[in-house]
Structures are given as C-alpha cells and as structure tokens.
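Chemist: Pasting my_file.pdb below, which is PDB, C-alpha atoms, pLDDT in the B column.
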MODEL        1
ATOM      1  CA  MET X  22     159.145 123.775 110.287  1.00 55.00           C
ATOM      2  CA  ALA X  23     157.664 127.262 110.695  1.00 58.00           C
ATOM      3  CA  ALA X  24     154.157 125.805 111.068  1.00 55.00           C
ATOM      4  CA  ALA X  25     155.328 123.455 113.817  1.00 56.00           C
ATOM      5  CA  ARG X  26     156.943 126.395 115.615  1.00 58.00           C
ATOM      6  CA  LEU X  27     153.715 128.436 115.362  1.00 51.00           C
ATOM      7  CA  CYS X  28     151.627 125.540 116.676  1.00 56.00           C
ATOM      8  CA  SER X  29     153.886 125.205 119.710  1.00 58.00           C
ATOM      9  CA  LEU X  30     153.262 128.808 120.806  1.00 53.00           C
ATOM     10  CA  PRO X  31     150.713 129.398 123.576  1.00 58.00           C
ATOM     11  CA  GLY X  32     147.475 131.111 122.472  1.00 53.00           C
ATOM     12  CA  ARG X  33     148.431 134.648 123.504  1.00 50.00           C
ATOM     13  CA  ALA X  34     151.881 134.426 121.907  1.00 54.00           C
ATOM     14  CA  LEU X  35     150.341 133.020 118.733  1.00 49.00           C
ATOM     15  CA  CYS X  36     147.940 135.968 118.536  1.00 49.00           C
ATOM     16  CA  CYS X  37     150.792 138.442 119.058  1.00 53.00           C
ATOM     17  CA  HIS X  38     152.851 136.724 116.374  1.00 53.00           C
ATOM     18  CA  LEU X  39     150.025 136.738 113.847  1.00 53.00           C
ATOM     19  CA  LEU X  40     148.314 140.035 114.698  1.00 53.00           C
ATOM     20  CA  GLY X  41     151.134 142.035 116.198  1.00 56.00           C
ATOM     21  CA  PRO X  42     151.059 143.436 119.716  1.00 56.00           C
ATOM     22  CA  VAL X  43     147.506 143.816 121.004  1.00 49.00           C
ATOM     23  CA  ARG X  44     146.884 146.589 123.470  1.00 50.00           C
ATOM     24  CA  GLN X  45     144.392 145.629 126.143  1.00 47.00           C
ATOM     25  CA  ARG X  46     141.899 148.282 127.116  1.00 46.00           C
ATOM     26  CA  ARG X  47     140.739 148.407 130.686  1.00 45.00           C
ATOM     27  CA  GLY X  48     138.593 150.751 132.677  1.00 42.00           C
ATOM     28  CA  TYR X  49     135.266 152.476 132.439  1.00 39.00           C
ATOM     29  CA  ARG X  50     134.285 153.649 128.996  1.00 44.00           C
ATOM     30  CA  GLY X  51     131.566 156.040 130.079  1.00 45.00           C
ATOM     31  CA  ASP X  52     127.932 156.113 129.101  1.00 52.00           C
ATOM     32  CA  SER X  53     127.093 154.146 126.021  1.00 52.00           C
ATOM     33  CA  PRO X  54     125.263 155.852 123.185  1.00 58.00           C
ATOM     34  CA  LYS X  55     121.524 155.491 122.960  1.00 68.00           C
ATOM     35  CA  ASP X  56     120.541 152.009 121.850  1.00 64.00           C
ATOM     36  CA  SER X  57     119.135 152.012 118.353  1.00 66.00           C
ATOM     37  CA  GLY X  58     117.390 148.689 118.901  1.00 65.00           C
ATOM     38  CA  LYS X  59     118.512 147.559 115.436  1.00 68.00           C
ATOM     39  CA  ASP X  60     120.235 144.511 116.888  1.00 67.00           C
ATOM     40  CA  LEU X  61     117.119 143.434 118.788  1.00 66.00           C
ATOM     41  CA  LEU X  62     115.695 140.167 117.573  1.00 68.00           C
ATOM     42  CA  GLU X  63     112.254 139.373 118.865  1.00 66.00           C
ATOM     43  CA  ILE X  64     111.240 135.750 118.518  1.00 67.00           C
ATOM     44  CA  PRO X  65     107.475 135.380 118.408  1.00 68.00           C
ATOM     45  CA  LEU X  66     106.069 132.980 120.957  1.00 67.00           C
ATOM     46  CA  PRO X  67     103.212 130.686 120.050  1.00 75.00           C
ATOM     47  CA  PRO X  68      99.939 131.987 121.471  1.00 80.00           C
ATOM     48  CA  TRP X  69      98.836 130.574 124.815  1.00 79.00           C
ATOM     49  CA  GLN X  70      96.090 127.992 124.533  1.00 85.00           C
ATOM     50  CA  GLU X  71      93.950 126.648 127.340  1.00 86.00           C
ATOM     51  CA  ARG X  72      94.041 122.866 127.791  1.00 88.00           C
ATOM     52  CA  PRO X  73      90.440 122.015 128.705  1.00 86.00           C
ATOM     53  CA  ASN X  74      90.849 118.216 128.730  1.00 91.00           C
ATOM     54  CA  GLU X  75      94.062 118.084 130.745  1.00 93.00           C
ATOM     55  CA  PRO X  76      93.605 116.083 133.982  1.00 94.00           C
ATOM     56  CA  LEU X  77      93.944 118.231 137.118  1.00 92.00           C
ATOM     57  CA  GLU X  78      96.918 116.326 138.524  1.00 91.00           C
ATOM     58  CA  THR X  79      98.725 116.613 135.191  1.00 92.00           C
ATOM     59  CA  LYS X  80      97.931 120.339 135.092  1.00 93.00           C
ATOM     60  CA  ARG X  81      99.236 120.819 138.634  1.00 92.00           C
ATOM     61  CA  ALA X  82     102.447 118.932 137.814  1.00 90.00           C
ATOM     62  CA  ARG X  83     102.965 120.946 134.606  1.00 92.00           C
ATOM     63  CA  LEU X  84     102.297 124.258 136.350  1.00 93.00           C
ATOM     64  CA  LEU X  85     104.677 123.299 139.132  1.00 90.00           C
ATOM     65  CA  TYR X  86     107.401 122.602 136.580  1.00 87.00           C
ATOM     66  CA  GLU X  87     106.657 125.810 134.673  1.00 91.00           C
ATOM     67  CA  SER X  88     106.730 127.781 137.935  1.00 89.00           C
ATOM     68  CA  ARG X  89     110.207 126.460 138.714  1.00 86.00           C
ATOM     69  CA  LYS X  90     111.754 126.896 135.235  1.00 86.00           C
ATOM     70  CA  ARG X  91     111.237 130.533 134.335  1.00 81.00           C
ATOM     71  CA  GLY X  92     114.416 131.916 132.846  1.00 79.00           C
ATOM     72  CA  MET X  93     114.930 134.571 135.508  1.00 85.00           C
ATOM     73  CA  LEU X  94     115.846 133.774 139.085  1.00 81.00           C
ATOM     74  CA  GLU X  95     113.428 136.245 140.668  1.00 84.00           C
ATOM     75  CA  ASN X  96     110.419 134.522 139.124  1.00 84.00           C
ATOM     76  CA  CYS X  97     111.843 131.035 139.679  1.00 83.00           C
ATOM     77  CA  ILE X  98     111.918 131.752 143.402  1.00 87.00           C
ATOM     78  CA  LEU X  99     108.671 133.710 143.632  1.00 89.00           C
ATOM     79  CA  LEU X 100     106.540 131.415 141.477  1.00 92.00           C
ATOM     80  CA  SER X 101     107.971 128.108 142.734  1.00 90.00           C
ATOM     81  CA  LEU X 102     107.312 129.075 146.355  1.00 90.00           C
ATOM     82  CA  PHE X 103     103.854 130.359 145.418  1.00 93.00           C
ATOM     83  CA  ALA X 104     103.140 127.110 143.564  1.00 93.00           C
ATOM     84  CA  LYS X 105     104.283 125.016 146.517  1.00 89.00           C
ATOM     85  CA  GLU X 106     101.910 126.843 148.832  1.00 88.00           C
ATOM     86  CA  ASN X 107      98.902 127.206 146.528  1.00 93.00           C
ATOM     87  CA  LEU X 108      98.703 124.761 143.594  1.00 92.00           C
ATOM     88  CA  GLY X 109      97.426 121.879 145.723  1.00 91.00           C
ATOM     89  CA  LYS X 110      94.401 123.823 146.936  1.00 93.00           C
ATOM     90  CA  MET X 111      93.504 125.758 143.769  1.00 95.00           C
ATOM     91  CA  SER X 112      90.279 125.008 141.945  1.00 95.00           C
ATOM     92  CA  GLU X 113      90.285 124.111 138.259  1.00 94.00           C
ATOM     93  CA  GLN X 114      89.273 127.672 137.354  1.00 95.00           C
ATOM     94  CA  GLN X 115      92.103 129.109 139.462  1.00 96.00           C
ATOM     95  CA  LEU X 116      94.585 126.700 137.873  1.00 96.00           C
ATOM     96  CA  ASN X 117      93.472 127.901 134.438  1.00 95.00           C
ATOM     97  CA  LEU X 118      93.924 131.554 135.495  1.00 95.00           C
ATOM     98  CA  TYR X 119      97.385 130.772 136.869  1.00 95.00           C
ATOM     99  CA  ASP X 120      98.270 128.854 133.690  1.00 95.00           C
ATOM    100  CA  ARG X 121      97.336 131.851 131.578  1.00 93.00           C
ATOM    101  CA  LEU X 122      99.179 134.264 133.871  1.00 92.00           C
ATOM    102  CA  ILE X 123     102.512 132.460 133.762  1.00 92.00           C
ATOM    103  CA  ASN X 124     102.352 131.349 130.119  1.00 90.00           C
ATOM    104  CA  GLU X 125     100.705 134.107 128.091  1.00 88.00           C
ATOM    105  CA  PRO X 126     102.944 137.146 128.693  1.00 81.00           C
ATOM    106  CA  SER X 127     106.078 137.037 126.565  1.00 74.00           C
ATOM    107  CA  ASN X 128     108.208 138.864 129.134  1.00 83.00           C
ATOM    108  CA  ASP X 129     108.848 137.339 132.546  1.00 85.00           C
ATOM    109  CA  TRP X 130     109.721 140.746 133.952  1.00 88.00           C
ATOM    110  CA  ASP X 131     106.107 141.807 133.397  1.00 90.00           C
ATOM    111  CA  ILE X 132     104.877 139.039 135.704  1.00 92.00           C
ATOM    112  CA  TYR X 133     107.433 140.015 138.331  1.00 90.00           C
ATOM    113  CA  TYR X 134     106.534 143.720 138.152  1.00 93.00           C
ATOM    114  CA  TRP X 135     102.803 142.965 138.392  1.00 93.00           C
ATOM    115  CA  ALA X 136     103.292 140.629 141.363  1.00 93.00           C
ATOM    116  CA  THR X 137     105.439 143.160 143.223  1.00 92.00           C
ATOM    117  CA  GLU X 138     103.153 146.044 142.206  1.00 92.00           C
ATOM    118  CA  ALA X 139     105.984 147.896 140.483  1.00 93.00           C
ATOM    119  CA  LYS X 140     103.711 148.213 137.432  1.00 93.00           C
ATOM    120  CA  PRO X 141      99.931 148.042 137.143  1.00 93.00           C
ATOM    121  CA  THR X 142      98.501 144.695 136.116  1.00 92.00           C
ATOM    122  CA  PRO X 143      96.639 144.675 132.780  1.00 92.00           C
ATOM    123  CA  ALA X 144      92.907 144.090 133.119  1.00 92.00           C
ATOM    124  CA  VAL X 145      93.111 140.678 131.411  1.00 91.00           C
ATOM    125  CA  PHE X 146      95.308 139.364 134.272  1.00 93.00           C
ATOM    126  CA  GLU X 147      93.566 141.206 137.095  1.00 95.00           C
ATOM    127  CA  ASN X 148      91.840 138.311 138.882  1.00 96.00           C
ATOM    128  CA  GLU X 149      91.806 136.346 142.135  1.00 96.00           C
ATOM    129  CA  VAL X 150      95.008 134.436 141.311  1.00 94.00           C
ATOM    130  CA  MET X 151      96.901 137.659 140.661  1.00 95.00           C
ATOM    131  CA  ALA X 152      95.586 138.980 143.983  1.00 96.00           C
ATOM    132  CA  MET X 153      96.864 135.801 145.673  1.00 95.00           C
ATOM    133  CA  LEU X 154     100.260 136.195 143.993  1.00 94.00           C
ATOM    134  CA  ARG X 155     100.526 139.876 144.948  1.00 94.00           C
ATOM    135  CA  ASP X 156      99.634 139.029 148.541  1.00 94.00           C
ATOM    136  CA  PHE X 157     102.209 136.213 148.539  1.00 89.00           C
ATOM    137  CA  ALA X 158     104.885 138.541 147.131  1.00 90.00           C
ATOM    138  CA  LYS X 159     104.398 140.920 150.079  1.00 89.00           C
ATOM    139  CA  ASN X 160     105.841 138.183 152.332  1.00 79.00           C
ATOM    140  CA  LYS X 161     103.886 139.257 155.393  1.00 73.00           C
ATOM    141  CA  LYS X 162     105.387 136.406 157.453  1.00 75.00           C
ATOM    142  CA  ARG X 163     108.897 137.685 156.621  1.00 73.00           C
ATOM    143  CA  GLU X 164     110.047 134.262 155.428  1.00 74.00           C
ATOM    144  CA  GLN X 165     113.524 133.882 154.017  1.00 71.00           C
ATOM    145  CA  ARG X 166     113.017 133.368 150.274  1.00 64.00           C
ATOM    146  CA  LEU X 167     116.458 132.971 148.793  1.00 61.00           C
ATOM    147  CA  ARG X 168     116.034 129.764 146.790  1.00 63.00           C
ATOM    148  CA  GLN X 169     113.425 127.463 145.346  1.00 69.00           C
ATOM    149  CA  PRO X 170     111.910 124.824 147.615  1.00 72.00           C
ATOM    150  CA  ASP X 171     113.403 121.352 147.550  1.00 68.00           C
ATOM    151  CA  LEU X 172     111.491 118.847 145.459  1.00 66.00           C
ATOM    152  CA  GLU X 173     110.781 116.553 148.412  1.00 63.00           C
ATOM    153  CA  TYR X 174     107.593 118.499 149.109  1.00 57.00           C
ATOM    154  CA  LEU X 175     106.082 116.927 145.991  1.00 55.00           C
ATOM    155  CA  PHE X 176     105.775 113.690 147.908  1.00 53.00           C
ATOM    156  CA  GLU X 177     104.182 115.212 151.006  1.00 58.00           C
ATOM    157  CA  PRO X 178     100.401 114.886 151.357  1.00 60.00           C
ATOM    158  CA  PRO X 179      98.576 118.155 150.534  1.00 56.00           C
ATOM    159  CA  ARG X 180      97.673 120.301 153.535  1.00 55.00           C
TER
ENDMDL
END
Just dump the structure as structure tokens.
Modeler:
Amino acid sequence: MAAARLCSLPGRALCCHLLGPVRQRRGYRGDSPKDSGKDLLEIPLPPWQERPNEPLETKRARLLYESRKRGMLENCILLSLFAKENLGKMSEQQLNLYDRLINEPSNDWDIYYWATEAKPTPAVFENEVMAMLRDFAKNKKREQRLRQPDLEYLFEPPR
C-alpha cells in the first residue's frame, strides 16, 4: 500500500518524500576556481592520411560533406560556403591541401582562428588554399552569412 502511494506522487513530491526538503540554489556563484584539467579526457584522433586514388568527384563530394558537418556552427557556415564557392574549381593539388586543412587538426577552433587571422597559421598549413580561405573569411562583398547554403546548389552546373 505504501509503495503504491509513493508511486502515485509526482516526481518532485517523491524526491521531497525520500530525500527531505531540497533547497534550490539560484543566482550567480562568482568566479569558479582555476580548472585543474584533471577531468579533461582527450580522445586521440586517427592520423590524417591522403587518399591518392580517390576519384576527384568522390573527393569533392566527401570534402563538401566534411565542410558542412564540422561540430561547431562557425566552421559549418564558413567552410560550407567556402566549399560551395571553391570546390568545383579547385585543382587536385588544391583539393588535397584543403582535405589536409580540414581533417588534420584535432581542434576545429584552430581552423576558425587561422581563417579569421585571430591566430597565426602554422607553417604546415600556410598555403594557397589557406590564403583563399582567409580571403573568403574577410567577406569583402559583405554577404549575409548566417546559415549554410541549401543543398540544391549541388545539382547546379559548375560556374
């Protein structure tokens, strides 16, 4: 009988019955103590490998997908719009440089900071594709870049 009564209580009442009154804390706690980093778990990524025998159209399609699915919105927008404008006219060598740029660094923020010139680009990524990306990030035409392009452009003929 007591179990049936407990099960009929709403969640909050059940918690109060079992744990006693719970005082909710609200408001700003102040600055947090320095992070020890002990709870940081770094998952090693597999090393980037060039795909020399991948057909160009397959590479373009893969790079387009990888440009759109980044894990942080800033790069999803920046790289997907860059890919829309540039992947179709890049040479095989440029595609390989772009592949390495977006897939080798383990932190997407690094790519964003390099493209926006917030941090210096490491020498290994300092190349013509990075220069193209930096120039694109400056948005000299003052285009509105608030979301990724629609996928319909995939079916348009290249310009």
Chemist: What residues come out when you apply the PyMOL selection byres ((chain X and resi 81) around 10) to this file, written as a ChimeraX atom specification?
Modeler: /X:75-80,82-87,104,108-109,111,113,116,120
Chemist: Need the axis-aligned box for region 70-80 of chain X with 8 Å each side, so what are the centre and edges in Å to one decimal, as lines of an AutoDock Vina configuration file?
Modeler:
center_x = 94.6
center_y = 122.0
center_z = 131.5
size_x = 24.3
size_y = 27.9
size_z = 30.0
Chemist: Could you tell me, as an MDAnalysis selection string, which residues have any atom at most 10 Å from (108.6, 140.7, 140.9), counting only C-alpha atoms?
Modeler: chainID X and resid 95:96 98:100 129:140 154:155 158
Chemist: One number please: CA of Pro170 (chain X) to CA of Leu94 (chain X), in Å, one decimal.
Modeler: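 It comes out at 13.0 Å.
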Chemist: Have a look at CA of Gln115 (chain X) and CA of Val150 (chain X) and let me know their distance in Å, one decimal.
Modeler: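 Answer for the CA of Gln115 (chain X) to CA of Val150 (chain X) separation: 6.3 Å.
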Chemist: Please work out which residues fall within 9 Å of (95.3, 133.7, 134.4), coordinates as given in the file, with all atoms listed in the file counting, and return them as a PyMOL selection string.
Modeler: chain X and resi 115-125+145-151
Chemist: Just how far from CA of Arg163 (chain X) is CA of Leu102 (chain X), in Å to one decimal?
Modeler: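 Calculated distance between CA of Leu102 (chain X) and CA of Arg163 (chain X) is 13.5 Å.
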Chemist: In terms of the shortest atom-to-atom distance over all atoms listed in the file, which of X:Ser101, X:Ser127, X:Gln114, X:Asn160 is closest to Pro68 (chain X)?
Modeler: X:Ser127
